[in-house]
$ cat data_14.tsv   # TSV, C-alpha atoms and all ligand atoms
chain	number	residue	atom	x	y	z
W	1	MET	CA	49.10	-57.21	-15.21
W	2	VAL	CA	49.36	-54.20	-17.55
W	3	LEU	CA	48.90	-54.39	-21.31
W	4	ALA	CA	50.40	-51.31	-22.96
W	5	VAL	CA	51.37	-50.17	-26.45
W	6	LEU	CA	54.34	-48.04	-27.46
W	7	ARG	CA	54.32	-46.31	-30.83
W	8	LEU	CA	57.79	-45.20	-31.95
W	9	LEU	CA	58.75	-42.25	-34.18
W	10	HIS	CA	55.50	-40.25	-34.36
W	11	ARG	CA	55.74	-37.38	-36.88
W	12	ILE	CA	53.43	-34.48	-36.12
W	13	ILE	CA	52.87	-33.56	-39.78
W	14	ARG	CA	52.38	-37.01	-41.33
W	15	ASP	CA	51.21	-39.38	-38.61
W	16	LYS	CA	48.37	-37.65	-36.76
W	17	ARG	CA	45.63	-39.98	-37.96
W	18	MET	CA	47.81	-43.08	-37.89
W	19	THR	CA	48.93	-42.54	-34.29
W	20	THR	CA	45.42	-41.59	-33.13
W	21	HIS	CA	44.01	-44.71	-34.77
W	22	LEU	CA	46.77	-46.85	-33.25
W	23	ALA	CA	45.81	-45.62	-29.78
W	24	LEU	CA	42.11	-46.22	-30.45
W	25	THR	CA	42.94	-49.70	-31.69
W	26	ALA	CA	45.03	-50.35	-28.58
W	27	ARG	CA	42.08	-49.26	-26.41
W	28	ALA	CA	39.42	-51.17	-28.36
W	29	PHE	CA	41.46	-54.38	-28.28
W	30	GLY	CA	42.25	-54.42	-24.57
W	31	ALA	CA	45.31	-52.26	-23.79
W	32	SER	CA	45.03	-49.79	-20.92
W	33	SER	CA	47.95	-47.48	-21.77
W	34	PHE	CA	49.40	-45.94	-24.89
W	35	PHE	CA	52.88	-44.44	-25.05
W	36	TYR	CA	54.42	-42.71	-28.04
W	37	SER	CA	57.77	-41.20	-28.94
W	38	GLY	CA	59.06	-38.97	-31.74
W	39	ASP	CA	57.29	-35.60	-31.91
W	40	HIS	CA	55.21	-34.53	-28.93
W	41	ASP	CA	51.65	-33.97	-30.17
W	42	GLY	CA	49.04	-32.44	-27.85
W	43	GLY	CA	46.38	-32.70	-30.61
W	44	VAL	CA	46.72	-36.48	-30.82
W	45	GLU	CA	46.55	-36.78	-27.02
W	46	GLU	CA	43.40	-34.64	-26.90
W	47	SER	CA	41.62	-36.70	-29.60
W	48	ILE	CA	42.40	-39.96	-27.78
W	49	ASN	CA	41.33	-38.58	-24.40
W	50	ASP	CA	38.07	-37.27	-25.90
W	51	VAL	CA	37.20	-40.71	-27.26
W	52	ALA	CA	38.09	-42.42	-23.98
W	53	LEU	CA	35.89	-39.98	-22.06
W	54	GLU	CA	32.90	-40.58	-24.31
W	55	TRP	CA	33.27	-44.35	-24.70
W	56	GLY	CA	34.38	-45.15	-21.15
W	57	GLY	CA	37.00	-47.22	-19.39
W	58	VAL	CA	40.43	-46.23	-18.16
W	59	PHE	CA	42.96	-45.37	-20.85
W	60	ASN	CA	46.20	-43.52	-20.31
W	61	VAL	CA	48.15	-41.67	-23.04
W	62	GLU	CA	51.71	-40.53	-22.44
W	63	TYR	CA	54.56	-39.06	-24.47
W	64	LEU	CA	58.07	-40.51	-24.00
W	65	GLU	CA	61.12	-38.46	-24.84
W	66	LYS	CA	63.49	-41.40	-24.39
W	67	PRO	CA	61.72	-44.64	-25.34
W	68	SER	CA	64.89	-46.73	-24.95
W	69	ASN	CA	65.16	-45.78	-21.26
W	70	PHE	CA	61.48	-46.57	-20.81
W	71	ILE	CA	61.86	-50.00	-22.45
W	72	LYS	CA	64.92	-50.82	-20.31
W	73	GLU	CA	63.05	-49.78	-17.16
W	74	TRP	CA	60.02	-51.88	-18.18
W	75	LYS	CA	62.26	-54.94	-18.56
W	76	LYS	CA	64.13	-54.23	-15.33
W	77	LYS	CA	60.79	-54.36	-13.48
W	78	GLY	CA	60.08	-57.80	-14.95
W	79	GLY	CA	57.89	-56.66	-17.85
W	80	ILE	CA	58.02	-58.21	-21.33
W	81	ILE	CA	58.72	-56.35	-24.57
W	82	ILE	CA	57.01	-57.60	-27.72
W	83	HIS	CA	58.11	-55.79	-30.87
W	84	LEU	CA	55.93	-56.23	-33.96
W	85	THR	CA	57.96	-56.40	-37.14
W	86	MET	CA	57.70	-58.25	-40.43
W	87	TYR	CA	61.28	-59.46	-39.84
W	88	GLY	CA	60.36	-61.34	-36.66
W	89	ILE	CA	59.12	-64.85	-35.95
W	90	GLU	CA	55.56	-65.55	-37.12
W	91	LEU	CA	52.91	-64.93	-34.46
W	92	SER	CA	51.51	-68.46	-34.67
W	93	ASN	CA	54.81	-69.77	-33.23
W	94	PHE	CA	54.51	-67.53	-30.15
W	95	ILE	CA	50.91	-66.88	-29.40
W	96	GLU	CA	50.38	-69.72	-26.88
W	97	SER	CA	53.43	-68.78	-24.83
W	98	MET	CA	52.31	-65.16	-24.90
W	99	ARG	CA	48.88	-66.00	-23.57
W	100	ASN	CA	50.70	-67.75	-20.71
W	101	MET	CA	52.47	-64.47	-19.92
W	102	LEU	CA	49.33	-62.50	-19.26
W	103	ASP	CA	50.17	-62.31	-15.55
W	104	LYS	CA	53.17	-60.10	-16.49
W	105	ASP	CA	53.26	-56.51	-17.75
W	106	LEU	CA	53.35	-56.60	-21.55
W	107	LEU	CA	54.56	-53.72	-23.70
W	108	VAL	CA	53.74	-54.11	-27.40
W	109	VAL	CA	56.03	-51.94	-29.53
W	110	VAL	CA	55.16	-50.83	-33.06
W	111	GLY	CA	57.27	-48.75	-35.35
W	112	GLY	CA	57.02	-45.96	-37.76
W	113	ALA	CA	59.17	-45.37	-40.81
W	114	LYS	CA	62.55	-46.68	-39.61
W	115	VAL	CA	62.84	-48.57	-36.34
W	116	PRO	CA	66.37	-48.37	-34.89
W	117	GLY	CA	68.31	-51.62	-34.50
W	118	PHE	CA	68.51	-51.45	-30.71
W	119	ILE	CA	64.74	-52.04	-30.46
W	120	TYR	CA	65.23	-55.47	-32.08
W	121	GLN	CA	67.92	-56.21	-29.49
W	122	LEU	CA	65.98	-54.93	-26.46
W	123	ALA	CA	62.78	-56.80	-27.35
W	124	ASN	CA	62.14	-60.14	-25.66
W	125	TYR	CA	60.24	-61.15	-28.79
W	126	ASN	CA	60.30	-59.81	-32.35
W	127	VAL	CA	56.97	-60.98	-33.72
W	128	ALA	CA	55.78	-60.95	-37.33
W	129	ILE	CA	52.15	-60.88	-38.38
W	130	GLY	CA	53.00	-62.57	-41.63
W	131	HIS	CA	56.17	-61.55	-43.45
W	132	GLN	CA	54.65	-59.03	-45.83
W	133	PRO	CA	54.91	-55.30	-45.12
W	134	HIS	CA	51.53	-53.84	-44.07
W	135	SER	CA	50.81	-51.38	-41.28
W	136	GLU	CA	51.28	-50.83	-37.57
W	137	ILE	CA	47.52	-50.65	-37.08
W	138	ALA	CA	46.91	-53.96	-38.85
W	139	ALA	CA	49.78	-55.62	-36.97
W	140	LEU	CA	48.59	-54.32	-33.59
W	141	SER	CA	44.97	-55.30	-34.06
W	142	VAL	CA	45.79	-58.82	-35.23
W	143	PHE	CA	48.25	-59.29	-32.37
W	144	LEU	CA	45.94	-58.02	-29.59
W	145	ASP	CA	42.91	-59.83	-30.96
W	146	ASN	CA	44.81	-63.11	-31.02
W	147	LEU	CA	46.17	-62.51	-27.54
W	148	SER	CA	42.68	-62.25	-26.04
W	149	LYS	CA	41.17	-64.81	-28.45
W	150	GLY	CA	38.76	-62.11	-29.61
W	151	GLU	CA	37.38	-61.43	-26.13
W	152	ALA	CA	38.84	-57.95	-25.40
W	153	ARG	CA	37.00	-56.23	-28.24
W	154	LYS	CA	33.62	-57.34	-26.84
W	155	LYS	CA	34.16	-55.51	-23.55
W	156	LYS	CA	31.57	-52.89	-22.52
W	157	HIS	CA	32.49	-49.99	-20.23
W	158	SER	CA	29.95	-49.19	-17.52
W	159	ASP	CA	31.00	-45.51	-17.48
W	160	ALA	CA	30.55	-44.99	-21.25
W	161	LYS	CA	28.32	-42.05	-22.18
W	162	ILE	CA	26.92	-43.83	-25.22
W	163	ASN	CA	26.46	-47.42	-26.29
W	164	ILE	CA	26.03	-48.88	-29.74
W	165	VAL	CA	22.86	-50.85	-30.29
W	166	PRO	CA	24.02	-53.54	-32.73
W	167	THR	CA	21.84	-53.63	-35.79
W	168	GLU	CA	21.98	-55.37	-39.13
W	169	ARG	CA	21.14	-52.17	-41.04
W	170	GLY	CA	21.76	-48.50	-40.28
W	171	LYS	CA	23.20	-46.95	-37.15
W	172	GLN	CA	21.80	-47.05	-33.64
W	173	ALA	CA	23.27	-45.70	-30.42
W	174	GLU	CA	21.75	-44.81	-27.06
W	175	ALA	CA	22.77	-42.86	-23.97
W	176	ASN	CA	24.17	-45.12	-21.28
W	177	ARG	CA	21.86	-44.95	-18.24
W	178	LYS	CA	24.01	-47.00	-15.86
X	1	LIG	N1	60.03	-52.38	-42.23
X	1	LIG	C1	58.95	-52.43	-41.32
X	1	LIG	C2	58.91	-53.65	-40.37
X	1	LIG	O1	59.91	-53.87	-39.70
X	1	LIG	O2	57.88	-54.32	-40.16
X	1	LIG	C3	57.64	-52.02	-41.99
X	1	LIG	C4	57.37	-50.58	-41.65
X	1	LIG	S1	55.70	-50.27	-41.36
X	1	LIG	C5	55.50	-48.80	-42.26
X	1	LIG	C6	55.60	-49.64	-39.72
X	1	LIG	C7	55.35	-50.66	-38.64
X	1	LIG	O3	54.28	-51.53	-38.97
X	1	LIG	C8	56.51	-51.56	-38.32
X	1	LIG	O4	57.48	-50.94	-37.53
X	1	LIG	C9	55.81	-52.72	-37.60
X	1	LIG	O5	55.60	-52.42	-36.22
X	1	LIG	C10	54.45	-52.78	-38.30
X	1	LIG	N2	54.39	-53.86	-39.30
X	1	LIG	C11	54.26	-53.72	-40.64
X	1	LIG	N3	54.20	-54.92	-41.24
X	1	LIG	C12	54.28	-55.85	-40.25
X	1	LIG	C13	54.26	-57.28	-40.22
X	1	LIG	N4	54.15	-58.01	-41.32
X	1	LIG	N5	54.35	-57.91	-39.03
X	1	LIG	C14	54.46	-57.19	-37.88
X	1	LIG	N6	54.49	-55.83	-37.84
X	1	LIG	C15	54.39	-55.17	-39.01

$ encode --input "data_14.tsv" --output "structure tokens"
Amino acid sequence: MVLAVLRLLHRIIRDKRMTTHLALTARAFGASSFFYSGDHDGGVEESINDVALEWGGVFNVEYLEKPSNFIKEWKKKGGIIIHLTMYGIELSNFIESMRNMLDKDLLVVVGGAKVPGFIYQLANYNVAIGHQPHSEIAALSVFLDNLSKGEARKKKHSDAKINIVPTERGKQAEANRK
């Protein structure tokens, strides 16, 4: 099973932080791959790879020139497309059936400014995290956290260079000796 995220319509000038944070959110909440389309952005890729190197685990970042071809190919191979949009069906109606699909490859698609209509048609599920407009990062984190029932974010990576030492006050981290 693969859990991957696709971010559509990245804009190099306006979306650097947003797209980087989306990828970090994907990684922290259990996805193993992050794809993006729109403008190719080596700076975003470097930031994500740097974090993954320091904090461990396997995380792949890839630019897609033609996301529609990629989505069609994903479906053809038996994978499932879940598109997060405020226009979709509320998450609570779907979440159980989605947890039952965890043996399949899941691609979670989030948009940018204006998601083209064909994405709504290609998706197996158009899922809303409430029907108010908010953000792709909020939508992705709520979706992934629900999918794993909060378990994915607790995962520790044995190859991390540093680990947080949880503390009620202040900040503590230590070098990973494993
Ligand atoms: N009109 C958009 C929509 O369809 O949800 C809102 C645009 S928002 C700036 C960018 C992305 O955030 C959307 O493409 C969607 O992936 C995500 N998003 C925002 N609000 C959402 C919601 N309530 N439920 C699910 N996804 C949402």

$ closest_residue --input "data_14.tsv" --among "W:Lys171, W:Arg11, W:His83, W:His21" --to "ligand LIG 1 (chain X)" --atoms "all atoms listed in the file"
W:His83

$ axis_aligned_box --input "data_14.tsv" --around "ligand LIG 1 (chain X)" --padding-each-side "3 Å" --output "AutoDock Vina command-line options"
--center_x 57.1 --center_y -53.4 --center_z -39.2 --size_x 11.9 --size_y 15.2 --size_z 12.0

$ closest_atom_pairs --input "data_14.tsv" --of "chain W" --to "ligand LIG 1 (chain X)" --cutoff "10 Å" --atoms "only C-alpha atoms and all ligand atoms" --output "CSV"
residue,atom,partner,partner_atom,distance
W:Leu6,CA,X:LIG1,O5,9.9
W:Arg7,CA,X:LIG1,O5,8.2
W:Leu8,CA,X:LIG1,O4,8.0
W:Leu9,CA,X:LIG1,O4,9.4
W:His83,CA,X:LIG1,O5,6.8
W:Leu84,CA,X:LIG1,N6,4.2
W:Thr85,CA,X:LIG1,N6,3.6
W:Met86,CA,X:LIG1,C13,3.6
W:Tyr87,CA,X:LIG1,O1,5.8
W:Gly88,CA,X:LIG1,N5,7.3
W:Ile89,CA,X:LIG1,N5,9.0
W:Glu90,CA,X:LIG1,N5,8.0
W:Leu91,CA,X:LIG1,N5,8.5
W:Val108,CA,X:LIG1,O5,9.2
W:Val109,CA,X:LIG1,O5,6.7
W:Val110,CA,X:LIG1,O5,3.6
W:Gly111,CA,X:LIG1,O4,3.1
W:Gly112,CA,X:LIG1,C6,4.4
W:Ala113,CA,X:LIG1,C5,5.2
W:Lys114,CA,X:LIG1,N1,6.8
W:Val115,CA,X:LIG1,O4,6.0
W:Pro116,CA,X:LIG1,O4,9.6
W:Tyr120,CA,X:LIG1,O1,9.4
W:Asn126,CA,X:LIG1,C14,8.5
W:Val127,CA,X:LIG1,C14,6.2
W:Ala128,CA,X:LIG1,N5,3.8
W:Ile129,CA,X:LIG1,N5,3.8
W:Gly130,CA,X:LIG1,N4,4.7
W:His131,CA,X:LIG1,N4,4.6
W:Gln132,CA,X:LIG1,N4,4.7
W:Pro133,CA,X:LIG1,N3,4.0
W:His134,CA,X:LIG1,N3,4.0
W:Ser135,CA,X:LIG1,O3,4.2
W:Glu136,CA,X:LIG1,O3,3.4
W:Ile137,CA,X:LIG1,O3,7.1
W:Ala138,CA,X:LIG1,N2,7.5
W:Ala139,CA,X:LIG1,N6,4.8
W:Leu140,CA,X:LIG1,N6,7.4
W:Val142,CA,X:LIG1,C14,9.2
W:Phe143,CA,X:LIG1,C14,8.6

$ closest_residue --input "data_14.tsv" --among "W:Ala152, W:Ile12, W:Ile71, W:Val2" --to "Gly30 of chain W" --atoms "all atoms listed in the file"
W:Ala152

$ atom_distance --input "data_14.tsv" --atom1 "atom CA of Ala123 of chain W" --atom2 "atom CA of Ile82 of chain W"
5.8 Å

$ residues_around --input "data_14.tsv" --residues "Val44 of chain W" --least-positions-apart "3" --cutoff "9 Å" --atoms "only C-alpha atoms" --output "NGL selection string"
:W and (12 or 16-17 or 19-20 or 40-41 or 47-49)

$ atom_distance --input "data_14.tsv" --atom1 "atom CA of Asp39 of chain W" --atom2 "atom CA of Val61 of chain W"
14.1 Å

$ atom_distance --input "data_14.tsv" --atom1 "atom CA of Lys149 of chain W" --atom2 "atom CA of Tyr36 of chain W"
25.8 Å

$ closest_residue --input "data_14.tsv" --among "W:Asn100, W:Gln121, W:Ser148, W:Thr25" --to "Lys72 of chain W" --atoms "all atoms listed in the file"
W:Gln121

$ closest_residue --input "data_14.tsv" --among "W:Arg14, W:Ser37, W:Ala26, W:Met1" --to "Arg153 of chain W" --atoms "all atoms listed in the file"
W:Ala26

$ residues_around --input "data_14.tsv" --residues "Ala173 of chain W" --least-positions-apart "2" --cutoff "12 Å" --atoms "only C-alpha atoms" --output "VMD selection string"
chain W and resid 55 160 to 167 170 to 171 175 to 176
